[in-house]
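A.B. asks: The structure is given below, and queries will be raised subsequently.
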Amino acid sequence: MLIFYTAGESHGRGIFAFLDGLPAGLTVEHALIDADLSRRQKGYGRGGRMAIEQDRVDVLSGIRGGITLGSPILMAVWNRDFENWEEYMDPWKIVPGRELFTPRPGHADLAGAARFRHTDLRNVLERSSARETAGRVAAGGLLRSFLRCLDIEACSWVTRIGEVAFEGGFDRQERDASSVFCPDSATTSAMEEAIDTVRDQGDTIGGEFKVVLTGLPAGIGSYTQWDQRLDTLVSAHLMSIPGIKAVQIGLGVDCAGLPGSQVHDELVPSVPRRRKSNNAGGMEGGVSNGEPVVVTCTMKPIPTLRKGLASFDLRDGSPAQAQYERSDCCAVPAASVVGEAMAMIAVSKALLLSCLAPDMESLKQAVAAQRAYGESL
Ligand code: EPS
């Protein structure tokens, strides 16, 4: 099983991504990781922090000469802002002055304080910050090399910011030219305007993005256990992105109002088997069906508002305005890049799980190959 975790604080030394379980012998394209990291930093609506950071991956273990060793991979994305925070984030001795006591509604501040019994909300904020998603994108960027080797590609684009929606198809060049990663220039301008309006009001705005994976063969995932289902893996990975409130696969919530004859993708007697439609979003019964995997994610508006929401002071319970430090106004474009990364992590896990030994014949072949290899040494 592929294992993926992150570590690190928003204003600490850096964000770290740990991947274990990838096969040896994979050629990793360094530039693909850095390209994804820098794409995550862009997007209209970001705040001042992104002017400080210049995210690049630093591989600390598991890769030699550009090739995976089969050993655990540890990657770092160093925080440039750490130099402004060193005395407040030191592991052994901290200087007072950066404590926070007024929780932001919608943020992890209060619930996180309840979880670990923190009194200084700084201890929650530092880890719950979406800065952590840099580690997810580093891992996704590495897995892009893995998936490309297997002819699988992932892409994402923004389909909605506030009331402004885009229903058209994907075009990589158009998306990359868009400040909000929406592949249409007129909609991009309308989305920028929507962001400007809420920013001027000291408010924030959410939206939606789509993630599509092409080239995934049929038969990945499983219907035999709940936690091996491809829809479980994909939706859990996407739902775990900070701010995501809904994940829909294929037709998603629209299935509720339609009869079965308009929902299910009829089979045609051709090989390879293509459907006339892809309402199922590339999976049936928890298993990929050979069609593109299509997922839509909804992101809530960022909870850090310049105008501040009603809150209270944790120390004495008195009414207070929620804390405001510099923040983003809209992070939907950045989240779409994180979505792509999380979808790649989910599908890589499912692939490694499903392709290990689906039946006795393939297990016998794998063991015979291993025996022959062992004897040849
Ligand atoms: C975040 C607050 C802001 C964002 C941050 C997420 O950071 P800061 O408090 O340093 O201004 O910029 O996102 C990132 C740093 C990032 O890399 O995405 C928060 O509170 O969640």
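The way I read the labels, and the way they are meant: chains A, B, ... in the order of the structure tokens, residue 1 as the first residue of every chain, and ligand 1 as the first ligand shown, with later ones counted on from there.
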Can you work out which residues are within 8 Å of ligand 1, considering only C-alpha atoms and all ligand atoms, and then hand them over as a short mmCIF file (atom, residue, chain, number, x, y, z; two decimals) with N, CA, C and O atoms, in the first residue's frame?
C.D. replies:
```
data_model
loop_
_atom_site.label_atom_id
_atom_site.label_comp_id
_atom_site.auth_asym_id
_atom_site.auth_seq_id
_atom_site.Cartn_x
_atom_site.Cartn_y
_atom_site.Cartn_z
N SER A 10 2.83 26.17 9.08
CA SER A 10 2.75 27.23 8.07
C SER A 10 3.93 28.20 8.14
O SER A 10 4.46 28.63 7.12
N HIS A 11 4.34 28.57 9.39
CA HIS A 11 5.45 29.52 9.53
C HIS A 11 6.68 28.87 10.16
O HIS A 11 7.57 29.55 10.66
N ARG A 40 0.34 25.99 -7.94
CA ARG A 40 -0.48 26.09 -6.73
C ARG A 40 -0.38 27.48 -6.09
O ARG A 40 -1.29 27.95 -5.43
N GLN A 41 0.79 28.12 -6.29
CA GLN A 41 0.98 29.44 -5.68
C GLN A 41 0.25 30.56 -6.40
O GLN A 41 0.08 31.65 -5.87
N ARG A 46 -5.16 35.45 -4.26
CA ARG A 46 -4.24 35.07 -3.19
C ARG A 46 -3.79 36.31 -2.43
O ARG A 46 -3.86 37.43 -2.93
N GLY A 47 -3.27 36.09 -1.21
CA GLY A 47 -2.86 37.21 -0.36
C GLY A 47 -1.36 37.47 -0.44
O GLY A 47 -0.68 37.02 -1.37
N GLY A 48 -0.85 38.20 0.56
CA GLY A 48 0.55 38.65 0.55
C GLY A 48 1.58 37.55 0.70
O GLY A 48 2.73 37.69 0.27
N ARG A 49 1.19 36.42 1.32
CA ARG A 49 2.16 35.36 1.61
C ARG A 49 2.81 34.81 0.33
O ARG A 49 4.00 34.47 0.32
N MET A 50 2.02 34.73 -0.73
CA MET A 50 2.55 34.13 -1.95
C MET A 50 3.62 34.98 -2.63
O MET A 50 4.38 34.50 -3.47
N GLU A 53 6.82 33.52 -0.71
CA GLU A 53 7.25 32.16 -0.99
C GLU A 53 7.59 31.94 -2.46
O GLU A 53 7.03 32.60 -3.34
N ASP A 81 9.18 32.36 4.60
CA ASP A 81 8.67 33.25 5.64
C ASP A 81 9.20 32.87 7.02
O ASP A 81 9.07 33.66 7.96
N LEU A 125 -3.69 26.90 14.31
CA LEU A 125 -3.57 27.58 13.00
C LEU A 125 -2.34 27.13 12.22
O LEU A 125 -2.41 26.93 11.01
N GLU A 126 -1.22 26.98 12.92
CA GLU A 126 0.03 26.68 12.22
C GLU A 126 -0.02 25.38 11.42
O GLU A 126 0.57 25.28 10.37
N SER A 128 -3.17 23.69 10.77
CA SER A 128 -4.40 23.59 9.97
C SER A 128 -4.35 24.51 8.75
O SER A 128 -5.18 24.39 7.84
N SER A 129 -3.38 25.40 8.69
CA SER A 129 -3.25 26.30 7.54
C SER A 129 -3.11 25.53 6.24
O SER A 129 -2.47 24.48 6.18
N ALA A 130 -3.71 26.09 5.19
CA ALA A 130 -3.64 25.45 3.87
C ALA A 130 -2.23 25.49 3.27
O ALA A 130 -2.00 24.95 2.20
N ARG A 131 -1.30 26.09 3.98
CA ARG A 131 0.10 26.00 3.55
C ARG A 131 0.52 24.53 3.44
O ARG A 131 1.37 24.16 2.63
N GLU A 132 -0.09 23.68 4.25
CA GLU A 132 0.20 22.23 4.26
C GLU A 132 0.00 21.61 2.89
O GLU A 132 0.61 20.60 2.55
N THR A 133 -0.90 22.22 2.09
CA THR A 133 -1.21 21.61 0.79
C THR A 133 -0.02 21.65 -0.18
O THR A 133 -0.03 20.97 -1.19
N ALA A 134 1.01 22.45 0.15
CA ALA A 134 2.23 22.44 -0.67
C ALA A 134 2.83 21.03 -0.65
O ALA A 134 3.34 20.54 -1.67
N THR A 304 -11.05 33.36 6.93
CA THR A 304 -10.36 34.55 7.46
C THR A 304 -10.84 35.77 6.69
O THR A 304 -10.45 35.99 5.55
N GLU A 325 -5.30 38.03 10.29
CA GLU A 325 -3.93 38.30 9.86
C GLU A 325 -4.04 38.35 8.35
O GLU A 325 -5.05 37.95 7.79
N ARG A 326 -3.02 38.77 7.67
CA ARG A 326 -2.98 38.71 6.21
C ARG A 326 -3.55 37.36 5.74
O ARG A 326 -3.30 36.33 6.35
N SER A 327 -4.35 37.37 4.66
CA SER A 327 -4.94 36.12 4.20
C SER A 327 -5.30 36.19 2.72
O SER A 327 -5.24 37.25 2.10
N ASP A 328 -5.68 35.04 2.16
CA ASP A 328 -6.18 35.00 0.78
C ASP A 328 -7.65 35.44 0.81
O ASP A 328 -8.32 35.35 1.84
N ALA A 334 -6.07 27.71 -6.48
CA ALA A 334 -5.00 26.93 -5.82
C ALA A 334 -5.53 25.56 -5.42
O ALA A 334 -4.86 24.53 -5.60
#
```
A.B. asks: Using DSSP on the backbone coordinates, identify the residues of stretch 104-336 of chain A assigned to helix (DSSP H, G or I); present them as JSON, numbers by chain.
C.D. replies: {"A": [109, 110, 111, 112, 113, 114, 115, 116, 122, 123, 124, 125, 126, 127, 128, 130, 131, 132, 133, 134, 135, 136, 137, 138, 139, 140, 141, 142, 143, 144, 145, 146, 147, 148, 149, 172, 173, 174, 175, 176, 177, 185, 186, 187, 188, 189, 190, 191, 192, 193, 194, 195, 196, 197, 198, 199, 200, 226, 227, 228, 230, 231, 232, 233, 234, 235, 236, 237, 238, 239, 252, 253, 254, 255, 256, 257, 260, 261, 262, 263, 332, 333, 334, 335, 336]}
A.B. asks: Enumerate, in order of chain and increasing residue number, the residues of stretch 187-262 of chain A with an atom no farther than 12 Å from stretch 356-375 of chain A, each with its shortest atom pair and distance in Å to one decimal, counting only C-alpha atoms, as a Markdown table.
C.D. replies:
```
| residue | atom | partner | partner_atom | distance |
| --- | --- | --- | --- | --- |
| A:Gly219 | CA | A:Pro358 | CA | 9.5 |
| A:Ile220 | CA | A:Pro358 | CA | 10.0 |
| A:Gly221 | CA | A:Pro358 | CA | 10.8 |
| A:Ser222 | CA | A:Pro358 | CA | 10.2 |
```
A.B. asks: Limited to all heavy atoms, could you put the picked residues into a file as an mmCIF file, in the first residue's frame?
C.D. replies:
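Heads up, here's the output in again.cif:
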```cif
data_model
loop_
_atom_site.group_PDB
_atom_site.id
_atom_site.type_symbol
_atom_site.label_atom_id
_atom_site.label_comp_id
_atom_site.auth_asym_id
_atom_site.auth_seq_id
_atom_site.Cartn_x
_atom_site.Cartn_y
_atom_site.Cartn_z
ATOM 1 N N GLY A 219 -11.085 -1.822 -13.933
ATOM 2 C CA GLY A 219 -10.714 -2.854 -12.963
ATOM 3 C C GLY A 219 -9.837 -2.375 -11.817
ATOM 4 O O GLY A 219 -9.269 -3.186 -11.094
ATOM 5 N N ILE A 220 -9.735 -1.050 -11.627
ATOM 6 C CA ILE A 220 -8.927 -0.521 -10.516
ATOM 7 C C ILE A 220 -9.870 -0.096 -9.383
ATOM 8 O O ILE A 220 -10.861 0.590 -9.616
ATOM 9 C CB ILE A 220 -8.063 0.680 -10.981
ATOM 10 C CG1 ILE A 220 -7.158 0.266 -12.162
ATOM 11 C CG2 ILE A 220 -7.230 1.242 -9.832
ATOM 12 C CD1 ILE A 220 -6.252 -0.924 -11.932
ATOM 13 N N GLY A 221 -9.531 -0.478 -8.160
ATOM 14 C CA GLY A 221 -10.425 -0.292 -7.008
ATOM 15 C C GLY A 221 -10.999 -1.657 -6.659
ATOM 16 O O GLY A 221 -10.459 -2.686 -7.079
ATOM 17 N N SER A 222 -12.075 -1.689 -5.891
ATOM 18 C CA SER A 222 -12.700 -2.977 -5.595
ATOM 19 C C SER A 222 -14.119 -2.789 -5.078
ATOM 20 O O SER A 222 -14.416 -1.764 -4.460
ATOM 21 C CB SER A 222 -11.888 -3.749 -4.553
ATOM 22 O OG SER A 222 -12.471 -5.016 -4.348
#
```
A.B. asks: Extract, using only C-alpha atoms, all DNA, RNA and protein residues at most 10 Å from stretch 242-256 of chain A, discarding same-chain residues fewer than 6 positions from it, and format them as an MDAnalysis selection string.
C.D. replies: chainID A and resid 106:108 128:133 206:212 231 234:236 262:264 278:283 292:303 331:332 335 338:339
A.B. asks: So, counting only C-alpha atoms, which residue among A:Arg104, A:Cys330, A:Val158, A:Gly141 is closest to A:Asp196?
C.D. replies: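 Among A:Arg104, A:Cys330, A:Val158, A:Gly141, it is A:Cys330 that comes nearest to A:Asp196.
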A.B. asks: Per DSSP on the backbone, filter stretch 219-317 of chain A down to the residues in strand (DSSP E or B) and report them as a VMD selection string.
C.D. replies: chain A and resid 221 244 to 249 267 275 283 to 284 287 to 288 293 to 299 310 to 312
A.B. asks: Can you work out which one of A:Tyr5, A:Gly140, A:Thr188, A:Thr204 has the shortest atom-to-atom distance to A:Asp176, counting only C-alpha atoms?
C.D. replies: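 Among the listed residues, the smallest separation from A:Asp176 belongs to A:Thr188.
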A.B. asks: Hey, what's within 9 Å of stretch 310-316 of chain A if we count only C-alpha atoms and toss same-chain stuff fewer than 6 positions away? As a PDB file with N, CA and C atoms, in the first residue's frame, please?
C.D. replies:
```pdb
ATOM      1  N   PHE A 101      -6.255  34.425  20.328  1.00  0.00           N
ATOM      2  CA  PHE A 101      -7.283  33.962  21.269  1.00  0.00           C
ATOM      3  C   PHE A 101      -8.715  34.127  20.763  1.00  0.00           C
ATOM      4  N   THR A 102      -8.912  34.720  19.569  1.00  0.00           N
ATOM      5  CA  THR A 102     -10.292  34.914  19.081  1.00  0.00           C
ATOM      6  C   THR A 102     -10.513  34.033  17.854  1.00  0.00           C
ATOM      7  N   PRO A 103     -11.182  32.887  18.028  1.00  0.00           N
ATOM      8  CA  PRO A 103     -11.331  31.919  16.931  1.00  0.00           C
ATOM      9  C   PRO A 103     -12.154  32.463  15.760  1.00  0.00           C
ATOM     10  N   ARG A 104     -11.752  32.037  14.553  1.00  0.00           N
ATOM     11  CA  ARG A 104     -12.484  32.421  13.339  1.00  0.00           C
ATOM     12  C   ARG A 104     -13.568  31.398  13.060  1.00  0.00           C
ATOM     13  N   PRO A 105     -14.842  31.822  12.981  1.00  0.00           N
ATOM     14  CA  PRO A 105     -15.899  30.877  12.614  1.00  0.00           C
ATOM     15  C   PRO A 105     -15.573  30.262  11.244  1.00  0.00           C
ATOM     16  N   LEU A 110     -11.323  26.902  16.774  1.00  0.00           N
ATOM     17  CA  LEU A 110     -11.999  26.532  18.023  1.00  0.00           C
ATOM     18  C   LEU A 110     -12.107  25.014  18.181  1.00  0.00           C
ATOM     19  N   THR A 119      -4.687  26.451  24.380  1.00  0.00           N
ATOM     20  CA  THR A 119      -5.256  27.741  24.764  1.00  0.00           C
ATOM     21  C   THR A 119      -4.772  28.825  23.791  1.00  0.00           C
ATOM     22  N   ASP A 120      -3.576  28.656  23.242  1.00  0.00           N
ATOM     23  CA  ASP A 120      -3.086  29.584  22.215  1.00  0.00           C
ATOM     24  C   ASP A 120      -3.476  29.006  20.845  1.00  0.00           C
ATOM     25  N   ALA A 322     -13.437  38.128  15.279  1.00  0.00           N
ATOM     26  CA  ALA A 322     -12.483  37.059  14.938  1.00  0.00           C
ATOM     27  C   ALA A 322     -11.175  37.668  14.462  1.00  0.00           C
ATOM     28  N   GLN A 323     -10.080  36.975  14.779  1.00  0.00           N
ATOM     29  CA  GLN A 323      -8.754  37.476  14.433  1.00  0.00           C
ATOM     30  C   GLN A 323      -8.583  37.612  12.914  1.00  0.00           C
TER      31      GLN A 323
END
```
A.B. asks: In Å, how far is it from atom CA of A:Asp171 to atom CA of A:Leu147?
C.D. replies: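 Interatomic distance, atom CA of A:Asp171 to atom CA of A:Leu147: 20.3 Å.
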A.B. asks: Which residues are close to A:Phe4, i.e. within 7 Å by only C-alpha atoms, leaving aside same-chain residues fewer than 3 positions away? Reply as a ChimeraX atom specification.
C.D. replies: /A:18-20
A.B. asks: Write out as a JSON list (two decimals) with C-alpha atoms, in the first residue's frame each polymer residue whose atoms come within 9 Å of stretch 153-156 of chain A, counting only C-alpha atoms; drop sequence neighbours fewer than 3 positions from it.
C.D. replies:
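Contents of selection_30.json, as written:
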```json
[["chain", "number", "residue", "atom", "x", "y", "z"],
["A", 144, "ARG", "CA", 2.63, 12.51, -12.07],
["A", 147, "LEU", "CA", 1.15, 7.83, -13.64],
["A", 148, "ARG", "CA", 2.61, 9.13, -16.93],
["A", 150, "LEU", "CA", 1.35, 4.10, -17.05],
["A", 170, "PHE", "CA", -11.10, 21.59, -20.79],
["A", 172, "ARG", "CA", -4.89, 23.10, -21.19],
["A", 175, "ARG", "CA", -6.51, 27.11, -18.50],
["A", 181, "PHE", "CA", -7.43, 28.43, -14.05],
["A", 209, "PHE", "CA", -13.46, 22.88, -9.67],
["A", 210, "LYS", "CA", -13.36, 19.71, -11.71],
["A", 211, "VAL", "CA", -10.67, 17.02, -11.68],
["A", 212, "VAL", "CA", -10.43, 14.54, -14.55],
["A", 213, "LEU", "CA", -8.15, 11.52, -14.86],
["A", 214, "THR", "CA", -7.77, 9.86, -18.24],
["A", 215, "GLY", "CA", -6.12, 6.55, -19.16],
["A", 216, "LEU", "CA", -7.03, 4.65, -15.99],
["A", 336, "SER", "CA", -7.91, 22.95, -7.99],
["A", 337, "VAL", "CA", -4.18, 22.21, -8.25],
["A", 339, "GLY", "CA", -7.32, 18.50, -6.12],
["A", 340, "GLU", "CA", -5.31, 17.24, -9.05],
["A", 341, "ALA", "CA", -2.55, 16.14, -6.65],
["A", 343, "ALA", "CA", -6.66, 12.58, -7.12],
["A", 344, "MET", "CA", -3.25, 11.36, -8.34]]
```
A.B. asks: Skip A:Gly65 itself and residues of its chain fewer than 4 positions away, then list as a list in words all residues within 10 Å of it, counting only C-alpha atoms.
C.D. replies: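 Close residues of A:Gly65: Thr27, Val28 and Leu69 of chain A.
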A.B. asks: Take the residues just selected and output them with N, CA and C atoms as a PDB file, in the first residue's frame.
C.D. replies:
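See part_6.pdb below for the written result:
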```pdb
ATOM      1  N   THR A  27      11.643   6.712 -13.045  1.00  0.00           N
ATOM      2  CA  THR A  27      12.357   7.953 -13.350  1.00  0.00           C
ATOM      3  C   THR A  27      11.447   9.131 -13.011  1.00  0.00           C
ATOM      4  N   VAL A  28      11.919   9.952 -12.087  1.00  0.00           N
ATOM      5  CA  VAL A  28      11.102  11.076 -11.624  1.00  0.00           C
ATOM      6  C   VAL A  28      11.549  12.351 -12.321  1.00  0.00           C
ATOM      7  N   LEU A  69      14.270   4.560  -5.329  1.00  0.00           N
ATOM      8  CA  LEU A  69      15.032   3.422  -4.805  1.00  0.00           C
ATOM      9  C   LEU A  69      14.123   2.343  -4.224  1.00  0.00           C
TER      10      LEU A  69
END
```
A.B. asks: Point out the residue among A:Leu309, A:Leu352, A:Val164, A:Val77 with the least atom-to-atom distance to A:Thr187, counting only C-alpha atoms.
C.D. replies: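 Counting only C-alpha atoms, the residue closest to A:Thr187 is A:Val164.
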A.B. asks: Could you tell me how far atom CA of A:Val57 sits from atom CA of A:Phe146, in Å to one decimal place?
C.D. replies: 16.8 Å
